[in-house]
file protein-v3.cif (mmCIF, C-alpha atoms)
data_structure
loop_
_atom_site.label_atom_id
_atom_site.label_comp_id
_atom_site.auth_asym_id
_atom_site.auth_seq_id
_atom_site.Cartn_x
_atom_site.Cartn_y
_atom_site.Cartn_z
CA MET A 1 32.42 28.10 -67.97
CA PRO A 2 31.87 30.00 -71.22
CA LEU A 3 34.44 29.43 -73.97
CA GLY A 4 35.27 33.11 -74.23
CA VAL A 5 36.86 33.03 -70.77
CA LEU A 6 39.25 30.20 -71.67
CA LEU A 7 40.31 31.79 -74.95
CA THR A 8 41.32 35.21 -73.52
CA ASN A 9 44.51 35.78 -71.56
CA ARG A 10 42.60 37.07 -68.52
CA GLN A 11 42.72 34.61 -65.67
CA TYR A 12 40.08 35.15 -63.01
CA ARG A 13 39.21 32.62 -60.40
CA SER A 14 41.62 29.88 -61.35
CA MET A 15 44.66 31.91 -60.34
CA PRO A 16 45.90 31.52 -56.76
CA THR A 17 46.27 35.31 -56.46
CA HIS A 18 42.64 35.91 -57.31
CA GLY A 19 41.18 38.59 -55.11
CA ILE A 20 44.54 39.62 -53.73
CA GLY A 21 43.63 43.32 -53.81
CA ARG A 22 40.31 43.02 -51.94
CA TYR A 23 39.89 45.38 -49.01
CA ARG A 24 36.22 46.35 -49.02
CA HIS A 25 35.32 43.35 -46.87
CA LEU A 26 37.71 44.53 -44.18
CA LEU A 27 36.12 47.97 -43.76
CA PRO A 28 33.37 48.45 -41.15
CA LYS A 29 29.88 48.14 -42.59
CA ALA A 30 28.50 51.61 -43.32
CA LEU A 31 24.70 51.66 -43.09
CA PRO A 32 22.88 53.41 -45.95
CA LYS A 33 22.36 57.06 -44.99
CA LYS A 34 18.78 58.00 -44.22
CA LYS A 35 17.70 61.29 -45.73
CA LYS A 36 15.92 62.49 -42.61
CA ASP A 37 15.97 60.86 -39.21
CA LYS A 38 12.29 60.73 -38.40
CA ILE A 39 11.63 61.18 -34.73
CA GLN A 40 9.00 58.54 -34.16
CA ALA A 41 6.89 58.35 -31.08
CA LYS A 42 8.09 55.45 -29.01
CA GLN A 43 5.48 53.30 -27.38
CA ILE A 44 4.95 54.48 -23.83
CA LYS A 45 5.43 51.55 -21.49
CA ALA A 46 2.83 51.01 -18.83
CA PRO A 47 3.78 50.54 -15.16
CA THR A 48 4.14 46.93 -14.09
CA ALA A 49 3.88 45.31 -10.68
CA THR A 50 7.31 46.44 -9.47
CA GLU A 51 8.40 49.12 -11.91
CA PHE A 52 7.19 52.48 -13.10
CA GLY A 53 6.49 53.15 -16.77
CA VAL A 54 8.12 56.17 -18.38
CA LEU A 55 8.76 59.11 -16.07
CA ASN A 56 9.72 62.65 -16.98
CA VAL A 57 11.94 64.47 -14.53
CA CYS A 58 11.39 68.08 -15.53
CA VAL A 59 13.76 70.79 -14.28
CA SER A 60 12.80 74.40 -14.91
CA GLY A 61 14.01 77.80 -13.80
CA TYR A 62 15.14 81.24 -14.84
CA ASP A 63 18.89 80.61 -14.43
CA LEU A 64 20.26 78.57 -17.32
CA THR A 65 23.52 77.38 -15.72
CA LEU A 66 21.78 76.09 -12.61
CA VAL A 67 19.09 74.31 -14.61
CA GLU A 68 21.61 72.78 -17.00
CA HIS A 69 23.98 71.62 -14.25
CA TYR A 70 21.15 70.18 -12.17
CA SER A 71 19.83 68.21 -15.13
CA GLN A 72 23.35 66.90 -15.82
CA TYR A 73 23.65 65.91 -12.15
CA ILE A 74 20.36 63.99 -12.35
CA HIS A 75 21.51 62.23 -15.52
CA ASN A 76 24.81 61.18 -13.91
CA LEU A 77 23.06 60.03 -10.75
CA CYS A 78 20.62 57.87 -12.70
CA SER A 79 23.35 56.28 -14.79
CA HIS A 80 25.34 55.59 -11.62
CA LEU A 81 22.33 53.92 -9.95
CA ASP A 82 21.69 51.78 -13.06
CA ILE A 83 18.43 53.52 -13.87
CA LYS A 84 17.70 53.42 -17.58
CA VAL A 85 17.66 56.92 -19.07
CA ASP A 86 15.71 56.95 -22.35
CA GLU A 87 16.22 60.52 -23.41
CA CYS A 88 17.55 63.81 -22.11
CA TYR A 89 16.16 66.75 -24.02
CA ALA A 90 15.34 70.42 -23.63
CA LEU A 91 11.91 71.97 -24.02
CA PRO A 92 11.64 75.30 -25.85
CA THR A 93 12.39 78.36 -23.69
CA LYS A 94 9.46 80.53 -22.66
CA SER A 95 9.91 84.29 -22.62
CA THR A 96 7.79 86.33 -20.21
CA GLU A 97 7.47 90.09 -20.31
CA VAL A 98 7.19 91.69 -16.87
CA MET A 99 5.01 94.80 -17.04
CA VAL A 100 4.94 96.97 -13.94
CA MET A 101 2.45 99.74 -13.22
CA GLN A 102 3.95 103.19 -12.83
CA GLU A 103 3.81 104.74 -9.38
CA GLN A 104 2.27 107.98 -10.66
CA GLY A 105 -0.21 107.31 -13.39
CA THR A 106 -1.90 104.32 -14.95
CA LYS A 107 0.64 103.47 -17.64
CA MET A 108 2.47 100.16 -17.64
CA TYR A 109 6.13 100.08 -18.45
CA LEU A 110 8.31 97.14 -19.36
CA ASP A 111 10.41 96.05 -16.41
CA GLY A 112 12.24 93.23 -18.11
CA VAL A 113 12.11 89.96 -19.96
CA LEU A 114 12.41 86.67 -18.05
CA LYS A 115 13.33 83.47 -19.83
CA THR A 116 12.22 80.14 -18.35
CA HIS A 117 14.47 77.26 -19.35
CA GLU A 118 13.39 73.65 -19.08
CA ARG A 119 15.25 70.38 -19.24
CA VAL A 120 13.72 66.91 -19.19
CA VAL A 121 15.37 63.64 -18.24
CA GLN A 122 13.26 60.69 -19.34
CA ILE A 123 13.53 57.59 -17.17
CA SER A 124 11.99 54.26 -17.96
CA GLU A 125 11.55 51.03 -15.97
CA MET A 126 12.62 52.31 -12.61
CA LYS A 127 12.05 50.13 -9.56
CA ALA A 128 9.32 51.36 -7.30
CA THR A 129 11.44 50.78 -4.19
CA LEU A 130 14.24 52.98 -5.55
CA PHE A 131 11.95 55.93 -6.31
CA PRO A 132 11.62 57.40 -2.78
CA ILE A 133 15.39 57.24 -2.27
CA LEU A 134 16.04 58.96 -5.58
CA ALA A 135 13.44 61.63 -4.80
CA GLU A 136 15.08 62.25 -1.41
CA VAL A 137 18.52 62.70 -2.99
CA LEU A 138 17.14 65.01 -5.68
CA LEU A 139 15.35 67.17 -3.14
CA LYS A 140 18.44 67.43 -0.96
CA ASN A 141 20.54 68.62 -3.88
CA GLN A 142 18.03 70.95 -5.49
CA PRO A 143 19.55 74.39 -6.07
CA GLU A 144 17.69 77.63 -5.35
CA GLY A 145 15.45 79.05 -8.03
CA VAL A 146 15.00 75.70 -9.74
CA GLN A 147 11.69 73.84 -9.76
CA LEU A 148 11.61 70.08 -9.94
CA CYS A 149 8.65 68.26 -11.41
CA ILE A 150 8.35 64.48 -11.78
CA LYS A 151 5.43 63.29 -13.86
CA GLN A 152 4.41 60.43 -16.07
CA HIS A 153 5.14 60.70 -19.75
CA THR A 154 2.14 61.15 -22.04
CA GLU A 155 1.64 61.46 -25.79
CA ALA A 156 0.65 65.11 -25.31
CA ASP A 157 4.03 65.83 -23.73
CA PHE A 158 5.73 64.31 -26.74
CA GLN A 159 3.61 66.25 -29.24
CA ALA A 160 4.26 69.54 -27.46
CA ARG A 161 7.86 69.46 -28.68
CA PHE A 162 6.79 69.71 -32.34
CA LYS A 163 5.76 72.70 -34.38
CA THR A 164 2.05 73.21 -34.88
CA ARG A 165 0.68 72.46 -38.35
CA PRO A 166 -2.39 74.63 -38.89
CA GLU A 167 -2.86 73.56 -42.55
CA LEU A 168 -2.93 69.90 -41.66
CA GLN A 169 -5.42 70.45 -38.87
CA GLY A 170 -7.57 72.64 -41.13
CA LEU A 171 -7.64 69.95 -43.79
CA ILE A 172 -8.56 67.26 -41.28
CA ALA A 173 -11.37 69.47 -39.97
CA LYS A 174 -12.63 70.03 -43.54
CA ILE A 175 -12.63 66.34 -44.37
CA ASN A 176 -14.46 65.51 -41.18
CA ASN A 177 -17.06 68.15 -41.97
CA MET B 1 -75.07 96.47 -87.72
CA ALA B 2 -76.60 94.85 -84.70
CA GLY B 3 -75.30 91.52 -85.99
CA ILE B 4 -71.76 92.92 -86.35
CA VAL B 5 -72.03 94.43 -82.89
CA CYS B 6 -73.29 91.11 -81.63
CA ARG B 7 -70.42 89.22 -83.27
CA THR B 8 -67.79 91.66 -81.99
CA VAL B 9 -69.32 91.50 -78.54
CA SER B 10 -69.34 87.72 -78.68
CA ARG B 11 -65.73 87.73 -79.87
CA ILE B 12 -64.77 90.08 -77.08
CA ILE B 13 -66.62 87.90 -74.62
CA SER B 14 -64.99 84.78 -75.99
CA SER B 15 -61.57 86.43 -76.01
CA GLN B 16 -62.22 87.58 -72.49
CA ALA B 17 -63.34 84.12 -71.62
CA SER B 18 -60.22 82.69 -73.27
CA CYS B 19 -58.11 85.24 -71.42
CA SER B 20 -59.84 84.38 -68.22
CA SER B 21 -59.44 80.68 -69.00
CA SER B 22 -55.73 81.22 -69.68
CA VAL B 23 -55.59 83.27 -66.53
CA VAL B 24 -57.36 80.48 -64.70
CA ALA B 25 -55.04 77.94 -66.33
CA VAL B 26 -52.03 80.04 -65.21
CA ARG B 27 -53.26 80.27 -61.65
CA HIS B 28 -53.72 76.51 -61.41
CA SER B 29 -50.04 75.84 -62.01
CA HIS B 30 -47.68 76.66 -59.11
CA TRP B 31 -44.76 77.53 -61.36
CA PHE B 32 -46.29 80.85 -62.40
CA THR B 33 -46.71 83.40 -59.71
CA SER B 34 -48.53 86.13 -61.63
CA MET B 35 -49.59 87.21 -65.11
CA LEU B 36 -46.89 89.82 -65.34
CA SER B 37 -44.00 87.53 -64.66
CA LEU B 38 -45.03 84.76 -67.06
CA LYS B 39 -42.10 85.21 -69.42
CA THR B 40 -39.34 85.17 -66.82
CA SER B 41 -40.32 82.22 -64.64
CA VAL B 42 -39.56 79.19 -66.89
CA PRO B 43 -35.79 79.62 -67.60
CA LEU B 44 -35.03 80.71 -63.99
CA ARG B 45 -36.65 77.69 -62.47
CA ALA B 46 -34.78 75.30 -64.76
CA GLU B 47 -31.32 75.87 -63.09
CA PRO B 48 -31.60 73.85 -59.85
CA LYS B 49 -32.63 70.84 -61.89
CA LYS B 50 -29.21 70.81 -63.59
CA LYS B 51 -27.23 70.96 -60.29
CA LYS B 52 -28.80 67.83 -58.91
CA LYS B 53 -26.87 65.59 -61.31
CA VAL B 54 -23.40 67.15 -60.83
CA ASP B 55 -23.53 67.82 -57.06
CA PRO B 56 -22.53 64.38 -55.68
CA ARG B 57 -19.79 64.12 -58.29
CA ARG B 58 -18.47 67.55 -57.39
CA GLU B 59 -18.45 66.68 -53.72
CA MET B 60 -16.56 63.48 -54.44
CA MET B 61 -13.99 65.38 -56.47
CA MET B 62 -13.53 67.93 -53.69
CA LYS B 63 -13.10 65.18 -51.10
CA GLU B 64 -10.56 63.36 -53.25
CA ARG B 65 -8.58 66.54 -53.74
CA LEU B 66 -8.57 67.22 -49.99
CA LYS B 67 -7.47 63.65 -49.28
CA LYS B 68 -4.61 63.95 -51.76
CA LYS B 69 -3.48 67.21 -50.15
CA LEU B 70 -3.67 65.55 -46.73
CA LYS B 71 -1.53 62.63 -47.93
CA ARG B 72 1.09 64.98 -49.29
CA LEU B 73 1.19 66.98 -46.04
CA GLU B 74 1.30 63.86 -43.89
CA LYS B 75 4.33 62.54 -45.77
CA VAL B 76 6.37 65.46 -44.45
CA PRO B 77 7.54 64.55 -40.91
CA PRO B 78 6.84 67.03 -38.10
CA GLU B 79 9.72 69.28 -37.11
CA LEU B 80 10.95 69.90 -33.58
CA ILE B 81 10.69 73.43 -32.23
CA PRO B 82 14.22 74.92 -32.23
CA ILE B 83 15.52 75.73 -28.77
CA GLU B 84 16.91 79.23 -28.39
CA ASP B 85 19.42 78.16 -25.71
CA PHE B 86 21.38 76.05 -28.16
CA ILE B 87 21.69 78.65 -30.90
CA THR B 88 24.88 80.69 -30.46
CA SER B 89 24.26 84.38 -30.98
CA ALA B 90 25.87 86.16 -33.93
CA LYS B 91 27.96 88.26 -31.54
CA SER B 92 30.03 85.22 -30.60
CA PHE B 93 31.11 84.71 -34.20
CA ASP B 94 32.62 88.18 -34.32
CA GLU B 95 36.33 87.53 -34.81
CA THR B 96 37.48 91.08 -34.10
CA ARG B 97 37.13 90.59 -30.34
CA ILE B 98 39.81 88.18 -29.20
CA ARG B 99 41.18 87.90 -25.72
CA GLU B 100 44.44 86.11 -25.23
CA ALA B 101 44.95 83.80 -22.27
CA PRO B 102 46.72 85.55 -19.38
CA LYS B 103 50.35 84.60 -18.79
CA LEU B 104 50.69 83.02 -15.36
CA SER B 105 53.71 82.94 -13.17
CA PHE B 106 55.08 79.63 -11.96
CA GLU B 107 53.73 80.05 -8.41
CA GLU B 108 50.31 80.99 -9.70
CA SER B 109 50.06 77.93 -11.96
CA GLU B 110 51.28 75.72 -9.10
CA ARG B 111 48.71 77.21 -6.75
CA ARG B 112 45.98 76.59 -9.31
CA ALA B 113 47.04 72.98 -9.81
CA HIS B 114 47.03 72.39 -6.03
CA LEU B 115 43.61 74.04 -5.81
CA LEU B 116 42.24 71.75 -8.52
CA LYS B 117 43.54 68.72 -6.64
CA GLU B 118 41.95 69.91 -3.40
CA TRP B 119 38.66 70.55 -5.16
CA SER B 120 38.60 67.12 -6.81
CA ARG B 121 39.37 65.51 -3.44
CA TYR B 122 36.54 67.46 -1.79
CA LYS B 123 34.07 66.53 -4.55
CA ARG B 124 35.15 62.91 -4.38
CA THR B 125 34.49 62.70 -0.64
CA GLN B 126 31.14 64.40 -1.19
CA HIS B 127 30.19 61.89 -3.92
CA GLN B 128 31.42 58.99 -1.79
CA THR B 129 29.34 60.01 1.23
CA GLU B 130 26.29 60.41 -1.00
CA MET B 131 26.71 56.95 -2.52
CA ASP B 132 27.29 55.44 0.93
CA VAL B 133 24.08 57.02 2.23
CA ILE B 134 22.16 55.68 -0.78
CA GLN B 135 23.55 52.18 -0.30
CA GLU B 136 22.71 52.21 3.40
CA ALA B 137 19.17 53.31 2.65
CA LEU B 138 18.81 50.58 0.02
CA GLU B 139 20.12 47.95 2.41
CA ALA B 140 17.76 49.05 5.18
CA GLN B 141 14.88 49.00 2.68
CA ARG B 142 15.82 45.50 1.51
CA GLN B 143 15.92 44.17 5.09
CA ALA B 144 12.57 45.77 5.89
CA LEU B 145 11.00 44.29 2.74
CA ASP B 146 12.34 40.83 3.60
CA GLU B 147 10.78 41.05 7.05
CA LEU B 148 7.53 42.27 5.51
CA LYS B 149 7.55 39.36 3.07
CA LEU B 150 7.76 36.94 5.96
CA GLU B 151 4.89 38.76 7.65
CA SER B 152 2.39 38.94 4.80
CA GLU B 153 2.58 38.52 1.05
CA GLU B 154 -0.13 41.06 0.25
CA LEU B 155 1.50 43.90 2.13
CA TYR B 156 4.82 43.08 0.48
CA LYS B 157 3.24 43.28 -2.97
CA ALA B 158 1.55 46.55 -2.11
CA ALA B 159 4.85 47.96 -0.86
CA VAL B 160 6.74 46.94 -3.98
CA SER B 161 4.09 48.15 -6.45
CA PRO B 162 4.62 51.60 -8.00
CA ASP B 163 2.69 54.50 -6.50
CA THR B 164 1.12 56.57 -9.28
CA ASP B 165 -0.88 58.86 -6.97
CA VAL B 166 2.19 60.90 -6.20
CA PHE B 167 2.41 62.26 -9.79
CA PRO B 168 2.75 65.06 -10.74
CA PHE B 169 5.33 65.64 -8.03
CA GLN B 170 6.41 69.27 -7.78
CA HIS B 171 8.92 70.93 -5.52
CA GLU B 172 10.38 74.42 -5.46
CA GLY B 173 14.03 75.09 -4.74
CA PRO B 174 15.10 76.62 -1.42
CA CYS B 175 15.41 80.38 -0.99
CA TYR B 176 18.20 82.41 0.57
CA THR B 177 15.84 84.47 2.70
CA PRO B 178 12.37 83.73 4.01
CA PRO B 179 9.44 85.64 2.48
CA ILE B 180 9.00 89.20 3.85
CA THR B 181 5.83 89.57 5.94
CA ASN B 182 3.23 92.06 4.69
CA TYR B 183 5.14 92.79 1.54
CA GLU B 184 3.31 95.03 -0.95
CA ALA B 185 4.19 93.86 -4.41
CA PRO B 186 4.03 96.49 -7.20
CA GLU B 187 1.09 96.11 -9.53
CA GLY B 188 1.78 94.61 -12.87
CA LYS B 189 1.27 91.62 -15.05
CA PHE B 190 3.13 88.99 -17.04
CA ASN B 191 2.83 88.69 -20.80
CA ASP B 192 3.86 85.51 -22.52
CA ILE B 193 5.86 86.46 -25.60
CA THR B 194 7.23 83.06 -26.63
CA ARG B 195 7.62 82.80 -30.38
CA VAL B 196 5.09 80.38 -31.86
CA TYR B 197 6.53 78.25 -34.65
CA THR B 198 4.34 76.82 -37.37
CA GLN B 199 5.35 74.32 -39.98
#
call {"tool": "encode", "arguments": {"input": "protein-v3.cif", "output": "structure tokens"}}
result
Amino acid sequence: MPLGVLLTNRQYRSMPTHGIGRYRHLLPKALPKKKKDKIQAKQIKAPTATEFGVLNVCVSGYDLTLVEHYSQYIHNLCSHLDIKVDECYALPTKSTEVMVMQEQGTKMYLDGVLKTHERVVQISEMKATLFPILAEVLLKNQPEGVQLCIKQHTEADFQARFKTRPELQGLIAKINN
Amino acid sequence: MAGIVCRTVSRIISSQASCSSSVVAVRHSHWFTSMLSLKTSVPLRAEPKKKKKVDPRREMMMKERLKKKLKRLEKVPPELIPIEDFITSAKSFDETRIREAPKLSFEESERRAHLLKEWSRYKRTQHQTEMDVIQEALEAQRQALDELKLESEELYKAAVSPDTDVFPFQHEGPCYTPPITNYEAPEGKFNDITRVYTQ
């Protein structure tokens, strides 16, 4: 121990009450905040002998409440049947303009705007024997006006959720040329 | 006089000869196209010789610059397309329109509470029957698979393996009314007007 410590009146570690005011070690550990949570592409698992890989249960329709409630129902059902749900996200809404031809004349007039909403429930490692039962239950409970689509998850599906980057693609094309 | 004439003639001839020789010399070289354009051809032709040295370096510089730009762009992570469903419209934030909750009488609130209880009971029985049906189906499946296993191992493996031919599986929801026979739909078309986002 350096001499300076013994000479001063400050008593550190020799005192029995050393560290009496410590509380930081009792607080829960706060992880360092990341600036931006990068959404990284998870590795898509391949189907094994008894289980499927990653499946996307896609629910789409014009009526938002029906689509939303049906997707919530599917999520609850899967969690009840111990099926692992990776993600539950929404795809961007598509707006469609309905143009109708006038009865007298050749002009088209705008009838209305239809919005197609889509919700995706991502399931991974589901048993192959459970799939037909699940499909049966989903079909029985499908509401009107809602389309169900079960497909395998691909990288293209994942990339479709992101904004297009024309500058990046242009640069890559230039470098390749 | 005749001698001077002779000398001048000889000079003319020699000059002509020299001219012709220079002309001949010019025509031998491929750099000079014609007599008239003698003066302009040399400096013009010298330019491409200079570019040959700098070209590969310039190309390298351009490529490096492009690669640096690419690195900078790639560092920025891609953004998700915002979903219009989840963005509340500005009208909802208007605080001038407020509706107070209606004041209910005692009987009304009691009736509503009883109704909620009835509804929860109904939904519970519905959920219970659904789960029972699922469990029965699973049990039947398990028994069938056990029997199949005793029969043959290969068929059991084939039955348990996942079926990828069924994807993509699509099904439309039921309709209230069947489609009308011989229905003439009005002419028209659909235009996709979804907003395209670029980063």
call {"tool": "closest_residue", "arguments": {"input": "protein-v3.cif", "among": "A:Ser124, A:Lys140, A:Ile150, A:Ser71", "to": "A:Ile44", "atoms": "only C-alpha atoms"}}
result
A:Ser124
call {"tool": "closest_atom_pairs", "arguments": {"input": "protein-v3.cif", "of": "chain A", "to": "chain B", "cutoff": "7 Å", "atoms": "all atoms listed in the file", "output": "Markdown table"}}
result
| residue | atom | partner | partner_atom | distance |
| --- | --- | --- | --- | --- |
| A:Lys38 | CA | B:Pro77 | CA | 6.6 |
| A:Ala49 | CA | B:Ser161 | CA | 5.1 |
| A:Thr50 | CA | B:Ser161 | CA | 4.7 |
| A:Glu51 | CA | B:Pro162 | CA | 6.0 |
| A:Phe52 | CA | B:Pro162 | CA | 5.8 |
| A:Pro92 | CA | B:Ile83 | CA | 4.9 |
| A:Thr93 | CA | B:Ile83 | CA | 6.5 |
| A:Lys94 | CA | B:Thr194 | CA | 5.2 |
| A:Ser95 | CA | B:Thr194 | CA | 5.0 |
| A:Thr96 | CA | B:Asp192 | CA | 4.6 |
| A:Glu97 | CA | B:Asn191 | CA | 4.9 |
| A:Val98 | CA | B:Phe190 | CA | 4.9 |
| A:Met99 | CA | B:Gly188 | CA | 5.3 |
| A:Val100 | CA | B:Gly188 | CA | 4.1 |
| A:Met101 | CA | B:Gly188 | CA | 5.2 |
| A:Ala128 | CA | B:Pro162 | CA | 4.8 |
| A:Thr129 | CA | B:Val160 | CA | 6.1 |
| A:Gln142 | CA | B:Gly173 | CA | 5.8 |
| A:Pro143 | CA | B:Gly173 | CA | 5.7 |
| A:Glu144 | CA | B:Gly173 | CA | 4.5 |
| A:Gly145 | CA | B:Gly173 | CA | 5.3 |
| A:Val146 | CA | B:Gly173 | CA | 5.1 |
| A:Gln147 | CA | B:Glu172 | CA | 4.5 |
| A:Leu148 | CA | B:His171 | CA | 5.2 |
| A:Cys149 | CA | B:Gln170 | CA | 4.4 |
| A:Ile150 | CA | B:Phe169 | CA | 5.0 |
| A:Lys151 | CA | B:Pro168 | CA | 4.5 |
| A:Gln152 | CA | B:Phe167 | CA | 6.8 |
| A:Arg161 | CA | B:Leu80 | CA | 5.8 |
| A:Phe162 | CA | B:Leu80 | CA | 4.3 |
| A:Lys163 | CA | B:Thr198 | CA | 5.3 |
| A:Thr164 | CA | B:Thr198 | CA | 4.9 |
| A:Arg165 | CA | B:Gln199 | CA | 5.3 |
| A:Leu168 | CA | B:Leu73 | CA | 6.7 |
| A:Leu171 | CA | B:Leu70 | CA | 6.6 |
| A:Ile175 | CA | B:Lys63 | CA | 6.8 |
call {"tool": "axis_aligned_box", "arguments": {"input": "protein-v3.cif", "around": "stretch 180-198 of chain B", "padding_each_side": "8 Å", "output": "AutoDock Vina command-line options"}}
result
--center_x 5.0 --center_y 86.7 --center_z -15.7 --size_x 23.9 --size_y 35.7 --size_z 59.3
call {"tool": "resolve_selection", "arguments": {"input": "protein-v3.cif", "expression": "the PyMOL selection byres ((chain A and resi 74) around 10)", "output": "PDB file with C-alpha atoms, keeping the file's coordinate frame"}}
result
ATOM      1  CA  VAL A  57      11.940  64.470 -14.530  1.00  0.00           C
ATOM      2  CA  VAL A  59      13.760  70.790 -14.280  1.00  0.00           C
ATOM      3  CA  HIS A  69      23.980  71.620 -14.250  1.00  0.00           C
ATOM      4  CA  TYR A  70      21.150  70.180 -12.170  1.00  0.00           C
ATOM      5  CA  SER A  71      19.830  68.210 -15.130  1.00  0.00           C
ATOM      6  CA  GLN A  72      23.350  66.900 -15.820  1.00  0.00           C
ATOM      7  CA  TYR A  73      23.650  65.910 -12.150  1.00  0.00           C
ATOM      8  CA  HIS A  75      21.510  62.230 -15.520  1.00  0.00           C
ATOM      9  CA  ASN A  76      24.810  61.180 -13.910  1.00  0.00           C
ATOM     10  CA  LEU A  77      23.060  60.030 -10.750  1.00  0.00           C
ATOM     11  CA  CYS A  78      20.620  57.870 -12.700  1.00  0.00           C
ATOM     12  CA  SER A  79      23.350  56.280 -14.790  1.00  0.00           C
ATOM     13  CA  HIS A  80      25.340  55.590 -11.620  1.00  0.00           C
ATOM     14  CA  VAL A 120      13.720  66.910 -19.190  1.00  0.00           C
ATOM     15  CA  VAL A 121      15.370  63.640 -18.240  1.00  0.00           C
ATOM     16  CA  LEU A 134      16.040  58.960  -5.580  1.00  0.00           C
ATOM     17  CA  VAL A 137      18.520  62.700  -2.990  1.00  0.00           C
ATOM     18  CA  LEU A 138      17.140  65.010  -5.680  1.00  0.00           C
ATOM     19  CA  ASN A 141      20.540  68.620  -3.880  1.00  0.00           C
TER      20      ASN A 141
END
call {"tool": "atom_distance", "arguments": {"input": "protein-v3.cif", "atom1": "atom CA of A:Gly170", "atom2": "atom CA of B:Pro56"}}
result
22.4 Å
call {"tool": "closest_residue", "arguments": {"input": "protein-v3.cif", "among": "A:Gly105, A:Pro166, A:Gly53, A:Gly21", "to": "A:Ile123", "atoms": "only C-alpha atoms"}}
result
A:Gly53
call {"tool": "atom_distance", "arguments": {"input": "protein-v3.cif", "atom1": "atom CA of B:Glu153", "atom2": "atom CA of B:Glu139"}}
result
20.0 Å
call {"tool": "atom_distance", "arguments": {"input": "protein-v3.cif", "atom1": "atom CA of A:Lys29", "atom2": "atom CA of A:Tyr12"}}
result
26.3 Å
call {"tool": "closest_residue", "arguments": {"input": "protein-v3.cif", "among": "A:Gln102, A:Asp82, A:Pro16, A:Gln43", "to": "A:Leu130", "atoms": "only C-alpha atoms"}}
result
A:Asp82
